[in-house]
>>> print(open('run_2.cif').read())   # mmCIF, C-alpha atoms
data_query
#
loop_
_atom_site.label_atom_id
_atom_site.label_comp_id
_atom_site.auth_asym_id
_atom_site.auth_seq_id
_atom_site.Cartn_x
_atom_site.Cartn_y
_atom_site.Cartn_z
CA MET Y 1 16.04 -16.44 5.34
CA PRO Y 2 18.49 -15.43 8.10
CA GLY Y 3 17.25 -15.24 11.68
CA ASP Y 4 17.61 -11.46 11.88
CA VAL Y 5 14.95 -11.15 9.20
CA ARG Y 6 12.66 -13.38 11.22
CA ALA Y 7 13.17 -11.09 14.17
CA ARG Y 8 12.31 -7.99 12.22
CA GLN Y 9 9.48 -9.21 12.26
CA ARG Y 10 3.08 -1.79 -3.81
CA THR Y 11 -1.02 -1.13 -8.46
CA GLY Y 12 0.38 -2.52 -11.30
CA ALA Y 13 2.69 -0.86 -13.73
CA GLY Y 14 0.26 2.07 -13.80
CA CYS Y 15 0.30 2.81 -10.13
CA GLY Y 16 4.03 2.72 -10.44
CA LEU Y 17 3.93 6.01 -12.27
CA LEU Y 18 1.56 7.72 -9.85
CA LEU Y 19 4.43 9.22 -7.91
CA VAL Y 20 3.43 10.92 -4.68
CA LEU Y 21 4.35 14.45 -3.66
CA VAL Y 22 5.09 15.91 -0.31
CA LEU Y 23 2.62 17.15 2.25
CA ALA Y 24 2.07 20.72 3.43
CA ALA Y 25 3.72 21.85 6.65
CA VAL Y 26 1.36 23.47 9.15
CA LEU Y 27 1.04 24.17 12.87
CA PRO Y 28 0.73 21.55 15.64
CA GLY Y 29 -2.65 20.07 16.50
CA SER Y 30 -4.38 17.80 18.96
CA LEU Y 31 -5.96 14.41 18.99
CA PRO Y 32 -9.53 13.93 17.62
CA GLY Y 33 -12.14 15.32 20.01
CA GLY Y 34 -9.87 18.10 21.23
CA ARG Y 35 -7.76 16.02 23.59
CA PRO Y 36 -4.11 17.10 23.80
CA GLY Y 37 -1.60 15.02 21.91
CA GLY Y 38 -0.16 13.16 24.90
CA GLY Y 39 2.99 11.27 24.00
CA CYS Y 40 3.24 12.94 20.62
CA ARG Y 41 6.71 14.05 19.58
CA ALA Y 42 8.29 15.33 16.40
CA LEU Y 43 9.66 12.47 14.28
CA THR Y 44 11.20 11.98 10.87
CA GLY Y 45 12.27 8.91 8.96
CA GLY Y 46 15.67 9.27 10.59
CA HIS Y 47 18.46 6.86 9.72
CA TRP Y 48 17.99 4.08 7.18
CA SER Y 49 19.83 1.12 5.70
CA ALA Y 50 19.14 -1.24 2.83
CA ASP Y 51 17.52 -4.53 3.85
CA ALA Y 52 19.29 -6.88 1.47
CA ALA Y 53 18.04 -10.02 3.24
CA LEU Y 54 14.35 -9.31 2.79
CA THR Y 55 14.83 -7.94 -0.74
CA GLY Y 56 16.77 -11.06 -1.59
CA ALA Y 57 14.12 -13.35 -0.11
CA PHE Y 58 11.55 -12.15 -2.65
CA ALA Y 59 14.10 -12.36 -5.46
CA ARG Y 60 14.89 -15.98 -4.63
CA TYR Y 61 11.23 -16.89 -4.25
CA GLY Y 62 10.35 -15.34 -7.61
CA ASP Y 63 13.29 -17.02 -9.34
CA ASP Y 64 12.60 -20.51 -7.96
CA SER Y 65 12.21 -22.60 -11.13
CA SER Y 66 10.50 -25.44 -9.25
CA ARG Y 67 7.37 -23.31 -9.17
CA THR Y 68 5.44 -22.81 -12.40
CA ASP Y 69 2.16 -21.23 -11.34
CA ASP Y 70 2.92 -18.71 -8.64
CA TRP Y 71 4.37 -15.25 -7.94
CA THR Y 72 7.38 -14.18 -9.99
CA GLY Y 73 6.98 -10.43 -9.56
CA GLY Y 74 4.52 -7.73 -8.56
CA ASP Y 75 4.03 -4.35 -6.94
CA GLY Y 76 1.58 -2.62 -4.62
CA THR Y 77 3.27 -4.31 -1.68
CA HIS Y 78 1.31 -4.57 1.59
CA SER Y 79 1.49 -7.04 4.48
CA VAL Y 80 -0.31 -8.16 7.63
CA ARG Y 81 0.80 -10.51 10.40
CA LEU Y 82 -1.60 -13.35 11.18
CA PRO Y 83 -2.35 -14.67 14.69
CA ASP Y 84 -0.24 -17.82 14.16
CA GLY Y 85 2.86 -15.82 13.28
CA ARG Y 86 2.62 -16.07 9.49
CA VAL Y 87 2.71 -12.92 7.34
CA LEU Y 88 0.32 -12.46 4.43
CA TRP Y 89 1.85 -10.39 1.62
CA LEU Y 90 -0.58 -8.70 -0.78
CA PHE Y 91 0.30 -7.47 -4.26
CA SER Y 92 -1.52 -5.66 -7.05
CA ASP Y 93 -0.60 -6.43 -10.68
CA THR Y 94 1.35 -9.68 -10.53
CA TYR Y 95 3.26 -11.87 -12.94
CA LEU Y 96 2.96 -15.62 -12.48
CA GLY Y 97 4.63 -18.28 -14.62
CA GLN Y 98 8.26 -19.30 -14.48
CA VAL Y 99 11.57 -17.44 -14.51
CA HIS Y 100 14.39 -18.59 -16.79
CA ALA Y 101 18.09 -18.20 -16.19
CA PRO Y 102 20.12 -16.04 -18.58
CA PRO Y 103 20.85 -15.67 -21.38
CA GLY Y 104 17.54 -14.23 -22.56
CA PRO Y 105 15.96 -14.77 -26.00
CA SER Y 106 18.23 -12.09 -27.51
CA GLY Y 107 21.25 -12.87 -25.40
CA GLU Y 108 20.36 -10.67 -22.43
CA SER Y 109 22.38 -11.27 -19.30
CA ALA Y 110 19.42 -11.05 -16.86
CA ALA Y 111 16.98 -13.69 -15.67
CA TRP Y 112 13.82 -13.43 -17.77
CA ARG Y 113 10.17 -14.39 -18.04
CA ASP Y 114 8.38 -15.47 -21.21
CA ALA Y 115 6.14 -12.76 -22.70
CA SER Y 116 3.19 -15.17 -22.49
CA ALA Y 117 3.49 -15.46 -18.69
CA PRO Y 118 0.15 -14.81 -16.94
CA LEU Y 119 -0.51 -11.33 -15.54
CA VAL Y 120 -3.17 -11.15 -12.83
CA ARG Y 121 -4.54 -8.08 -11.06
CA ASN Y 122 -3.73 -9.26 -7.55
CA SER Y 123 -1.99 -11.99 -5.61
CA ALA Y 124 -1.09 -13.07 -2.08
CA VAL Y 125 2.07 -14.78 -0.87
CA VAL Y 126 2.39 -16.49 2.52
CA MET Y 127 5.48 -16.18 4.70
CA ASP Y 128 5.73 -18.73 7.49
CA ALA Y 129 6.43 -17.90 11.12
CA ASP Y 130 10.16 -18.49 10.55
CA GLY Y 131 10.33 -15.83 7.86
CA ARG Y 132 10.33 -18.13 4.80
CA LEU Y 133 8.17 -17.38 1.75
CA VAL Y 134 6.39 -20.67 1.23
CA ARG Y 135 3.46 -20.39 -1.19
CA THR Y 136 1.28 -18.25 -3.42
CA LEU Y 137 -2.47 -18.46 -2.90
CA ALA Y 138 -4.57 -19.21 -5.97
CA ALA Y 139 -4.41 -16.05 -8.06
CA PRO Y 140 -6.12 -13.77 -8.50
CA LEU Y 141 -7.29 -14.00 -4.91
CA PHE Y 142 -9.90 -11.28 -5.48
CA PRO Y 143 -11.77 -11.86 -8.76
CA ASP Y 144 -12.61 -9.03 -11.12
CA PRO Y 145 -15.96 -7.46 -10.18
CA GLY Y 146 -17.05 -7.21 -13.84
CA PRO Y 147 -15.84 -6.76 -17.41
CA GLY Y 148 -13.22 -4.06 -17.70
CA GLN Y 149 -12.86 -3.77 -13.92
CA TRP Y 150 -10.34 -5.11 -11.44
CA ARG Y 151 -9.44 -5.11 -7.77
CA TRP Y 152 -6.15 -3.98 -6.26
CA PRO Y 153 -5.64 -4.99 -2.61
CA VAL Y 154 -4.15 -2.37 -0.36
CA ALA Y 155 -3.87 -2.31 3.44
CA ALA Y 156 -5.17 -5.13 5.65
CA ARG Y 157 -5.59 -5.97 9.32
CA VAL Y 158 -6.69 -8.83 11.56
CA GLU Y 159 -9.74 -7.94 13.64
CA PRO Y 160 -12.67 -9.67 15.38
CA ARG Y 161 -15.35 -10.89 13.01
CA SER Y 162 -17.64 -8.47 14.86
CA PRO Y 163 -17.09 -6.32 17.95
CA GLY Y 164 -16.54 -8.57 20.95
CA SER Y 165 -16.27 -11.77 18.88
CA ALA Y 166 -13.63 -14.31 19.86
CA GLU Y 167 -13.17 -15.26 16.21
CA SER Y 168 -10.69 -13.27 14.13
CA VAL Y 169 -10.66 -12.71 10.38
CA VAL Y 170 -8.50 -10.78 7.94
CA ARG Y 171 -10.03 -7.65 6.42
CA VAL Y 172 -8.44 -6.46 3.18
CA LEU Y 173 -9.18 -3.07 1.65
CA LEU Y 174 -9.67 -3.20 -2.12
CA TRP Y 175 -9.51 -0.50 -4.76
CA VAL Y 176 -11.84 -1.05 -7.72
CA ARG Y 177 -10.65 0.52 -10.94
CA THR Y 178 -12.29 0.52 -14.40
CA ALA Y 179 -10.58 0.52 -17.78
CA GLY Y 180 -10.54 3.99 -19.31
CA ALA Y 181 -9.10 6.17 -22.06
CA PRO Y 182 -6.18 8.56 -21.47
CA PRO Y 183 -5.35 9.98 -19.05
CA TRP Y 184 -6.84 6.99 -17.24
CA ILE Y 185 -4.61 4.41 -18.86
CA TYR Y 186 -4.16 2.71 -15.49
CA GLY Y 187 -7.87 2.64 -14.70
CA VAL Y 188 -10.54 5.04 -13.49
CA PRO Y 189 -10.96 5.04 -9.68
CA SER Y 190 -14.38 3.55 -8.99
CA ALA Y 191 -14.96 2.21 -5.47
CA THR Y 192 -13.53 1.02 -2.16
CA GLU Y 193 -14.45 -2.46 -0.96
CA VAL Y 194 -13.55 -4.65 2.01
CA ALA Y 195 -12.84 -8.36 1.62
CA THR Y 196 -13.00 -10.87 4.49
CA LEU Y 197 -10.59 -13.82 4.60
CA SER Y 198 -11.06 -16.72 6.99
CA LEU Y 199 -8.44 -17.77 9.53
CA PRO Y 200 -6.37 -19.78 9.47
CA GLY Y 201 -7.30 -20.98 5.97
CA LEU Y 202 -7.28 -17.57 4.20
CA ARG Y 203 -10.40 -18.46 2.23
CA LEU Y 204 -12.18 -15.53 0.58
CA GLU Y 205 -15.56 -15.31 2.32
CA SER Y 206 -17.03 -12.06 1.06
CA VAL Y 207 -16.41 -8.71 -0.62
CA VAL Y 208 -18.48 -5.76 0.61
CA PRO Y 209 -18.73 -2.37 -1.15
CA VAL Y 210 -17.93 0.44 1.27
CA LEU Y 211 -17.74 3.61 -0.81
CA ASN Y 212 -18.99 3.85 -4.41
CA GLN Y 213 -17.42 6.79 -6.24
CA ARG Y 214 -18.79 6.09 -9.74
CA LEU Y 215 -21.37 8.89 -9.44
CA VAL Y 216 -18.72 11.53 -8.70
CA PRO Y 217 -18.59 13.32 -12.08
CA ASP Y 218 -14.89 14.17 -12.05
CA PRO Y 219 -12.83 10.96 -11.75
CA ALA Y 220 -9.89 12.98 -10.45
CA ARG Y 221 -11.91 13.85 -7.35
CA ARG Y 222 -12.95 10.31 -6.54
CA VAL Y 223 -11.52 9.07 -3.25
CA LEU Y 224 -10.31 5.53 -2.70
CA PHE Y 225 -9.57 4.49 0.89
CA GLY Y 226 -7.07 2.00 2.21
CA THR Y 227 -3.57 3.10 1.25
CA ALA Y 228 -2.92 2.79 5.00
CA LEU Y 229 -4.67 1.47 8.11
CA VAL Y 230 -3.62 2.51 11.60
CA ALA Y 231 -4.99 0.86 14.74
CA ALA Y 232 -5.44 3.10 17.78
CA GLY Y 233 -7.45 1.72 20.69
CA GLU Y 234 -10.87 0.62 19.54
CA TRP Y 235 -10.56 2.51 16.25
CA THR Y 236 -9.07 1.72 12.88
CA TYR Y 237 -8.05 4.87 11.02
CA VAL Y 238 -8.22 4.45 7.25
CA PHE Y 239 -6.34 6.81 4.93
CA GLY Y 240 -7.14 7.42 1.28
CA GLY Y 241 -6.50 9.78 -1.61
CA ASP Y 242 -7.97 11.18 -4.80
CA ASP Y 243 -6.37 11.06 -8.26
CA ARG Y 244 -5.90 14.72 -9.19
CA ARG Y 245 -2.28 14.11 -10.14
CA ALA Y 246 -3.43 11.73 -12.88
CA VAL Y 247 -4.87 14.66 -14.82
CA GLY Y 248 -1.92 16.95 -14.31
CA ARG Y 249 -3.03 18.75 -11.16
CA PRO Y 250 -0.18 19.86 -8.89
CA VAL Y 251 -1.17 17.50 -6.08
CA SER Y 252 -3.67 14.97 -4.90
CA TYR Y 253 -5.43 15.26 -1.54
CA ALA Y 254 -5.46 12.82 1.35
CA TYR Y 255 -8.54 11.92 3.43
CA ALA Y 256 -9.25 10.01 6.60
CA ALA Y 257 -12.02 7.76 7.90
CA ARG Y 258 -12.35 5.73 11.07
CA VAL Y 259 -14.15 2.50 11.92
CA GLU Y 260 -14.79 0.72 15.20
CA ARG Y 261 -12.61 -2.35 15.64
CA GLY Y 262 -14.38 -5.40 14.19
CA ARG Y 263 -16.56 -3.41 11.77
CA LEU Y 264 -14.39 -2.68 8.75
CA ALA Y 265 -16.74 -4.77 6.60
CA ASP Y 266 -19.81 -2.84 7.82
CA PRO Y 267 -20.30 0.19 5.52
CA GLY Y 268 -22.67 1.78 8.04
CA ALA Y 269 -19.93 1.86 10.66
CA TRP Y 270 -17.58 4.05 8.64
CA ARG Y 271 -17.19 7.66 9.73
CA TYR Y 272 -15.48 10.23 7.52
CA TRP Y 273 -13.61 13.39 8.47
CA ASP Y 274 -15.54 16.48 7.27
CA GLY Y 275 -13.04 19.05 8.45
CA SER Y 276 -14.31 19.30 12.01
CA ALA Y 277 -15.92 15.97 13.01
CA TRP Y 278 -16.31 12.30 12.11
CA VAL Y 279 -19.61 11.93 10.25
CA ALA Y 280 -21.65 9.19 8.57
CA GLY Y 281 -21.60 9.33 4.77
CA ALA Y 282 -18.84 10.69 2.57
CA ARG Y 283 -20.69 13.60 0.92
CA SER Y 284 -18.97 16.14 3.13
CA LEU Y 285 -15.47 14.66 2.92
CA ARG Y 286 -12.73 17.19 3.51
CA PRO Y 287 -9.03 16.52 2.99
CA VAL Y 288 -6.71 16.22 5.94
CA LEU Y 289 -3.58 16.74 3.82
CA GLY Y 290 -2.82 18.86 0.77
CA ASP Y 291 -2.97 22.55 -0.02
CA GLY Y 292 -3.90 22.44 -3.72
CA ARG Y 293 -0.58 23.99 -4.71
CA ALA Y 294 2.80 22.53 -3.83
CA GLY Y 295 1.83 20.27 -0.94
CA GLY Y 296 -0.14 17.07 -1.22
CA VAL Y 297 0.02 13.33 -1.82
CA GLY Y 298 -0.51 10.78 -4.51
CA SER Y 299 -2.94 7.90 -4.25
CA ALA Y 300 -0.41 5.73 -2.41
CA PHE Y 301 1.43 6.60 0.80
CA SER Y 302 1.94 4.99 4.17
CA VAL Y 303 1.15 5.96 7.77
CA VAL Y 304 2.30 4.27 10.97
CA ARG Y 305 1.77 5.12 14.65
CA ASP Y 306 4.82 5.48 16.87
CA GLY Y 307 3.63 6.10 20.44
CA GLY Y 308 1.41 9.18 20.18
CA THR Y 309 2.87 10.25 16.83
CA TYR Y 310 1.49 9.49 13.38
CA LEU Y 311 4.37 9.18 10.93
CA LEU Y 312 3.74 9.37 7.19
CA PHE Y 313 6.06 8.25 4.40
CA THR Y 314 5.77 9.46 0.82
CA MET Y 315 8.00 10.22 -2.14
CA ALA Y 316 9.58 13.68 -2.14
CA GLY Y 317 8.32 16.46 -4.40
CA GLY Y 318 9.65 17.45 -7.81
CA ALA Y 319 12.31 15.48 -9.62
CA ARG Y 320 13.48 13.98 -6.33
CA GLY Y 321 10.18 12.12 -6.22
CA LEU Y 322 11.69 9.58 -8.59
CA THR Y 323 14.26 8.49 -6.05
CA THR Y 324 13.74 10.00 -2.60
CA VAL Y 325 11.49 9.12 0.33
CA THR Y 326 10.52 11.80 2.84
CA SER Y 327 8.44 11.79 6.02
CA TYR Y 328 5.89 13.92 7.91
CA TRP Y 329 4.47 13.66 11.39
CA ALA Y 330 1.27 14.65 13.23
CA CYS Y 331 -0.35 14.22 16.63
CA SER Y 332 -3.65 13.15 15.06
CA PRO Y 333 -4.71 11.26 11.94
CA THR Y 334 -6.52 14.43 10.86
CA GLY Y 335 -3.33 16.49 11.17
CA PRO Y 336 -1.99 19.07 11.02
CA TRP Y 337 1.07 17.44 9.50
CA HIS Y 338 4.64 18.72 9.80
CA GLY Y 339 7.63 18.26 7.56
CA PRO Y 340 9.17 17.20 5.33
CA GLY Y 341 12.19 15.68 6.94
CA GLY Y 342 14.39 12.63 7.13
CA ASP Y 343 14.83 12.39 3.36
CA PHE Y 344 16.75 9.46 1.92
CA ALA Y 345 17.39 8.26 -1.64
CA VAL Y 346 16.54 4.58 -1.99
CA PRO Y 347 18.80 2.11 -3.84
CA LEU Y 348 17.69 1.70 -7.47
CA PRO Y 349 18.78 -0.37 -10.45
CA GLY Y 350 20.27 1.37 -13.47
CA GLY Y 351 18.32 2.92 -16.31
CA ALA Y 352 15.26 5.17 -16.51
CA VAL Y 353 13.41 3.90 -13.44
CA ALA Y 354 11.40 5.38 -10.60
CA ALA Y 355 10.67 4.36 -7.04
CA TYR Y 356 7.10 4.62 -5.73
CA ASN Y 357 4.62 3.50 -3.10
CA PRO Y 358 6.71 3.48 0.10
CA GLN Y 359 4.90 1.23 2.57
CA VAL Y 360 5.69 0.52 6.21
CA HIS Y 361 5.29 -3.09 7.35
CA PRO Y 362 4.54 -3.08 11.11
CA ALA Y 363 4.46 -6.88 11.07
CA LEU Y 364 8.22 -6.87 10.54
CA GLY Y 365 9.24 -3.96 12.73
CA GLY Y 366 10.37 -3.79 16.32
CA GLY Y 367 13.12 -2.53 18.55
CA GLY Y 368 12.81 1.02 17.30
CA ARG Y 369 13.04 -0.07 13.68
CA LEU Y 370 10.52 0.16 10.84
CA VAL Y 371 10.67 -2.02 7.73
CA LEU Y 372 9.67 -0.04 4.64
CA SER Y 373 9.19 -1.38 1.11
CA TYR Y 374 9.15 0.51 -2.14
CA ASP Y 375 8.32 -0.56 -5.69
CA VAL Y 376 10.31 0.13 -8.85
CA ASN Y 377 9.27 0.40 -12.49
CA ARG Y 378 10.32 1.88 -15.81
CA LEU Y 379 9.36 5.47 -16.56
CA ASP Y 380 8.26 4.62 -20.13
CA ALA Y 381 4.81 3.08 -19.65
CA ALA Y 382 4.68 1.76 -23.22
CA ASN Y 383 7.73 -0.43 -22.61
CA VAL Y 384 6.88 -1.64 -19.12
CA PRO Y 385 5.57 -5.13 -20.01
CA ALA Y 386 8.63 -5.98 -22.07
CA ALA Y 387 10.98 -4.47 -19.50
CA VAL Y 388 9.62 -6.34 -16.50
CA SER Y 389 9.65 -9.67 -18.33
CA GLY Y 390 13.08 -9.15 -19.85
CA GLU Y 391 14.53 -8.17 -16.46
CA VAL Y 392 12.49 -9.89 -13.77
CA SER Y 393 14.44 -8.40 -10.87
CA LEU Y 394 12.98 -4.97 -11.69
CA TYR Y 395 9.32 -5.57 -10.80
CA ARG Y 396 9.72 -6.79 -7.25
CA PRO Y 397 9.62 -5.11 -3.83
CA ARG Y 398 12.75 -3.67 -2.32
CA PHE Y 399 13.18 -3.01 1.40
CA VAL Y 400 14.97 -0.66 3.75
CA THR Y 401 15.07 -0.48 7.54
CA VAL Y 402 14.30 2.93 9.05
CA ARG Y 403 14.95 4.19 12.57
CA PRO Y 404 12.63 7.17 13.30
CA GLY Y 405 14.19 10.00 15.24
CA PRO Y 406 13.76 13.69 16.04
CA PRO Y 407 14.18 16.23 13.22
CA GLY Y 408 17.58 17.68 12.65
#
>>> encode(input="run_2.cif", output="structure tokens")
Amino acid sequence: MPGDVRARQRTGAGCGLLLVLVLAAVLPGSLPGGRPGGGCRALTGGHWSADAALTGAFARYGDDSSRTDDWTGGDGTHSVRLPDGRVLWLFSDTYLGQVHAPPGPSGESAAWRDASAPLVRNSAVVMDADGRLVRTLAAPLFPDPGPGQWRWPVAARVEPRSPGSAESVVRVLLWVRTAGAPPWIYGVPSATEVATLSLPGLRLESVVPVLNQRLVPDPARRVLFGTALVAAGEWTYVFGGDDRRAVGRPVSYAYAARVERGRLADPGAWRYWDGSAWVAGARSLRPVLGDGRAGGVGSAFSVVRDGGTYLLFTMAGGARGLTTVTSYWACSPTGPWHGPGGDFAVPLPGGAVAAYNPQVHPALGGGGRLVLSYDVNRLDAANVPAAVSGEVSLYRPRFVTVRPGPPG
């Protein structure tokens, strides 16, 4: 991988169709606890450019025919930088196996994967400190919790094993989903968990349930946390969403929690926003984003902190949500949020495809730039497995570089 990529320092097919909508625009706010939003300024996604080098790095890694048992494609793309400079990339539904050069079985001109190639619910790929993708950890990294259930990894961060500890570990947020009948063809939202990985070996040590949503009668109102983590001082802010869009509601809602640094794997340390304060227990959860009508989010979006500003990326509303990323900003993780703005249409392959799950990768940003990935899949869910094996380049992350700037 070229040196500029080193410097810069996704879920499965189902999540690919959970396209997110835009957020409601409301009036300015303040930081939690009533403090003024010092350093907060209006931002949008600003200017962008395609990151062909990073997109190509994953394409080459997936196509490498010397590997027969590792990552050849996946979505639900998240990442975290490790203390030794490596980057751990986390994916949801993942194809393993081997990629074959064209022509395909029926003469197709694209590189292809055999239909019998293994599909696992999650995977992790390691990038070394020089920016080279070097290996896939044994997959799935996070085993299924039970029959008909699976785990999708979402956001992750390195933190002390406990507050004040000199030892660091990797905490990975997991979404537990359960097989269901339509409209839940991509799984019923069930629970949020936190996994702990050792450092530097990345051995799975434990998985701890944080928020069980199985007793919430309406699956569309179940909240899964971890689509984004934002570190701010001694706090980790954790964003999540419900699945109202899966049952045809106009929007889904977004929610926020916060946890003291070093305690993500301690369920008792989680505090949830109830509309006016951070409280223990999630019974009084209130959304921080969404108006129940035209404004809201899907179950996957991304938030990053730029100085005193929280900047959120999501897919645009309406038909543009198949192709266009938009952004919102706030002075507090609880909002209010302003926007949309800074729209841009991402590069897409031909055919009936959609972009989804825009995710910022702080591990690769710097110098006023953000690296943002998005996933791509076919719109026809019934043909997704055949499509992503017959055209392996489809089901892989794509990247753009974004320079946030003022609106206008």
>>> residues_around(input="run_2.cif", residues="Y:Arg60", least_positions_apart="3", cutoff="12 Å", atoms="only C-alpha atoms", output="list in words")
Met1, Ala52, Ala53, Leu54, Thr55, Gly56, Ala57, Asp63, Asp64, Ser65, Ser66, Arg67, Trp71, Thr72, Gly73, Val99, Ala111, Arg132, Leu133, Val134, Val392, Ser393 and Arg396 of chain Y
>>> closest_residue(input="run_2.cif", among="Y:Gln149, Y:Ser252, Y:Thr323, Y:Ser123", to="Y:Gly240", atoms="all atoms listed in the file")
Y:Ser252
>>> residues_near_point(input="run_2.cif", point="(3.8, -16.2, -13.2)", cutoff="10 Å", atoms="all atoms listed in the file", output="short mmCIF file (atom, residue, chain, number, x, y, z; two decimals) with C-alpha atoms, in the frame of the given file")
data_model
loop_
_atom_site.label_atom_id
_atom_site.label_comp_id
_atom_site.auth_asym_id
_atom_site.auth_seq_id
_atom_site.Cartn_x
_atom_site.Cartn_y
_atom_site.Cartn_z
CA GLY Y 62 10.35 -15.34 -7.61
CA ARG Y 67 7.37 -23.31 -9.17
CA THR Y 68 5.44 -22.81 -12.40
CA ASP Y 69 2.16 -21.23 -11.34
CA ASP Y 70 2.92 -18.71 -8.64
CA TRP Y 71 4.37 -15.25 -7.94
CA THR Y 72 7.38 -14.18 -9.99
CA GLY Y 73 6.98 -10.43 -9.56
CA GLY Y 74 4.52 -7.73 -8.56
CA THR Y 94 1.35 -9.68 -10.53
CA TYR Y 95 3.26 -11.87 -12.94
CA LEU Y 96 2.96 -15.62 -12.48
CA GLY Y 97 4.63 -18.28 -14.62
CA GLN Y 98 8.26 -19.30 -14.48
CA VAL Y 99 11.57 -17.44 -14.51
CA ARG Y 113 10.17 -14.39 -18.04
CA ASP Y 114 8.38 -15.47 -21.21
CA SER Y 116 3.19 -15.17 -22.49
CA ALA Y 117 3.49 -15.46 -18.69
CA PRO Y 118 0.15 -14.81 -16.94
CA LEU Y 119 -0.51 -11.33 -15.54
CA VAL Y 120 -3.17 -11.15 -12.83
CA ALA Y 139 -4.41 -16.05 -8.06
#
>>> closest_residue(input="run_2.cif", among="Y:Met127, Y:Ala256, Y:Cys40, Y:Val297", to="Y:Ala330", atoms="all atoms listed in the file")
Y:Cys40
>>> atom_distance(input="run_2.cif", atom1="atom CA of Y:Val288", atom2="atom CA of Y:Trp235")
17.6 Å
>>> resolve_selection(input="run_2.cif", expression="the PyMOL selection byres ((chain Y and resi 82) around 12)", output="VMD selection string")
chain Y and resid 9 79 to 81 83 to 89 126 to 129 156 to 159 168 to 171 197 to 202 362 to 364
>>> write_last_selection(input="run_2.cif", atoms="C-alpha atoms", output="CSV table (one decimal), in the coordinates of the input")
chain,number,residue,atom,x,y,z
Y,9,GLN,CA,9.5,-9.2,12.3
Y,79,SER,CA,1.5,-7.0,4.5
Y,80,VAL,CA,-0.3,-8.2,7.6
Y,81,ARG,CA,0.8,-10.5,10.4
Y,83,PRO,CA,-2.4,-14.7,14.7
Y,84,ASP,CA,-0.2,-17.8,14.2
Y,85,GLY,CA,2.9,-15.8,13.3
Y,86,ARG,CA,2.6,-16.1,9.5
Y,87,VAL,CA,2.7,-12.9,7.3
Y,88,LEU,CA,0.3,-12.5,4.4
Y,89,TRP,CA,1.8,-10.4,1.6
Y,126,VAL,CA,2.4,-16.5,2.5
Y,127,MET,CA,5.5,-16.2,4.7
Y,128,ASP,CA,5.7,-18.7,7.5
Y,129,ALA,CA,6.4,-17.9,11.1
Y,156,ALA,CA,-5.2,-5.1,5.6
Y,157,ARG,CA,-5.6,-6.0,9.3
Y,158,VAL,CA,-6.7,-8.8,11.6
Y,159,GLU,CA,-9.7,-7.9,13.6
Y,168,SER,CA,-10.7,-13.3,14.1
Y,169,VAL,CA,-10.7,-12.7,10.4
Y,170,VAL,CA,-8.5,-10.8,7.9
Y,171,ARG,CA,-10.0,-7.6,6.4
Y,197,LEU,CA,-10.6,-13.8,4.6
Y,198,SER,CA,-11.1,-16.7,7.0
Y,199,LEU,CA,-8.4,-17.8,9.5
Y,200,PRO,CA,-6.4,-19.8,9.5
Y,201,GLY,CA,-7.3,-21.0,6.0
Y,202,LEU,CA,-7.3,-17.6,4.2
Y,362,PRO,CA,4.5,-3.1,11.1
Y,363,ALA,CA,4.5,-6.9,11.1
Y,364,LEU,CA,8.2,-6.9,10.5
>>> resolve_selection(input="run_2.cif", expression="the PyMOL selection byres ((chain Y and resi 121) around 7)", output="VMD selection string")
chain Y and resid 92 to 94 119 to 120 122 140 150 to 152
>>> residues_around(input="run_2.cif", residues="stretch 346-358 of chain Y", least_positions_apart="2", cutoff="8 Å", atoms="all atoms listed in the file", output="PyMOL selection string")
chain Y and resi 10+16-20+50+76+300-302+313-315+321-325+344+360+372-380+394+400
>>> atom_distance(input="run_2.cif", atom1="atom CA of Y:His100", atom2="atom CA of Y:Pro385")
16.4 Å
>>> atom_distance(input="run_2.cif", atom1="atom CA of Y:Pro147", atom2="atom CA of Y:Tyr255")
28.9 Å
>>> resolve_selection(input="run_2.cif", expression="the PyMOL selection byres ((chain Y and resi 312) around 9)", output="PyMOL selection string")
chain Y and resi 44-45+301-305+310-311+313-314+326-330+337
>>> closest_residue(input="run_2.cif", among="Y:Gly107, Y:Gly307, Y:Gly248, Y:Gly317", to="Y:Ser332", atoms="only C-alpha atoms")
Y:Gly307
>>> axis_aligned_box(input="run_2.cif", around="stretch 149-161 of chain Y", padding_each_side="5 Å", output="JSON")
{"center_x": -9.6, "center_y": -6.6, "center_z": 0.7, "size_x": 21.5, "size_y": 18.6, "size_z": 39.3}
>>> closest_residue(input="run_2.cif", among="Y:Val247, Y:Thr178, Y:Asp51, Y:Leu43", to="Y:Thr401", atoms="all atoms listed in the file")
Y:Asp51
>>> closest_residue(input="run_2.cif", among="Y:Gly342, Y:Pro209, Y:Pro397, Y:Gly405", to="Y:Asp75", atoms="all atoms listed in the file")
Y:Pro397
>>> closest_residue(input="run_2.cif", among="Y:Tyr61, Y:Pro182, Y:Glu167, Y:Arg369", to="Y:Arg135", atoms="all atoms listed in the file")
Y:Tyr61
>>> residues_near_point(input="run_2.cif", point="(-11.0, -4.0, 17.6)", cutoff="7 Å", atoms="only C-alpha atoms", output="VMD selection string")
chain Y and resid 159 to 160 163 234 to 235 260 to 262
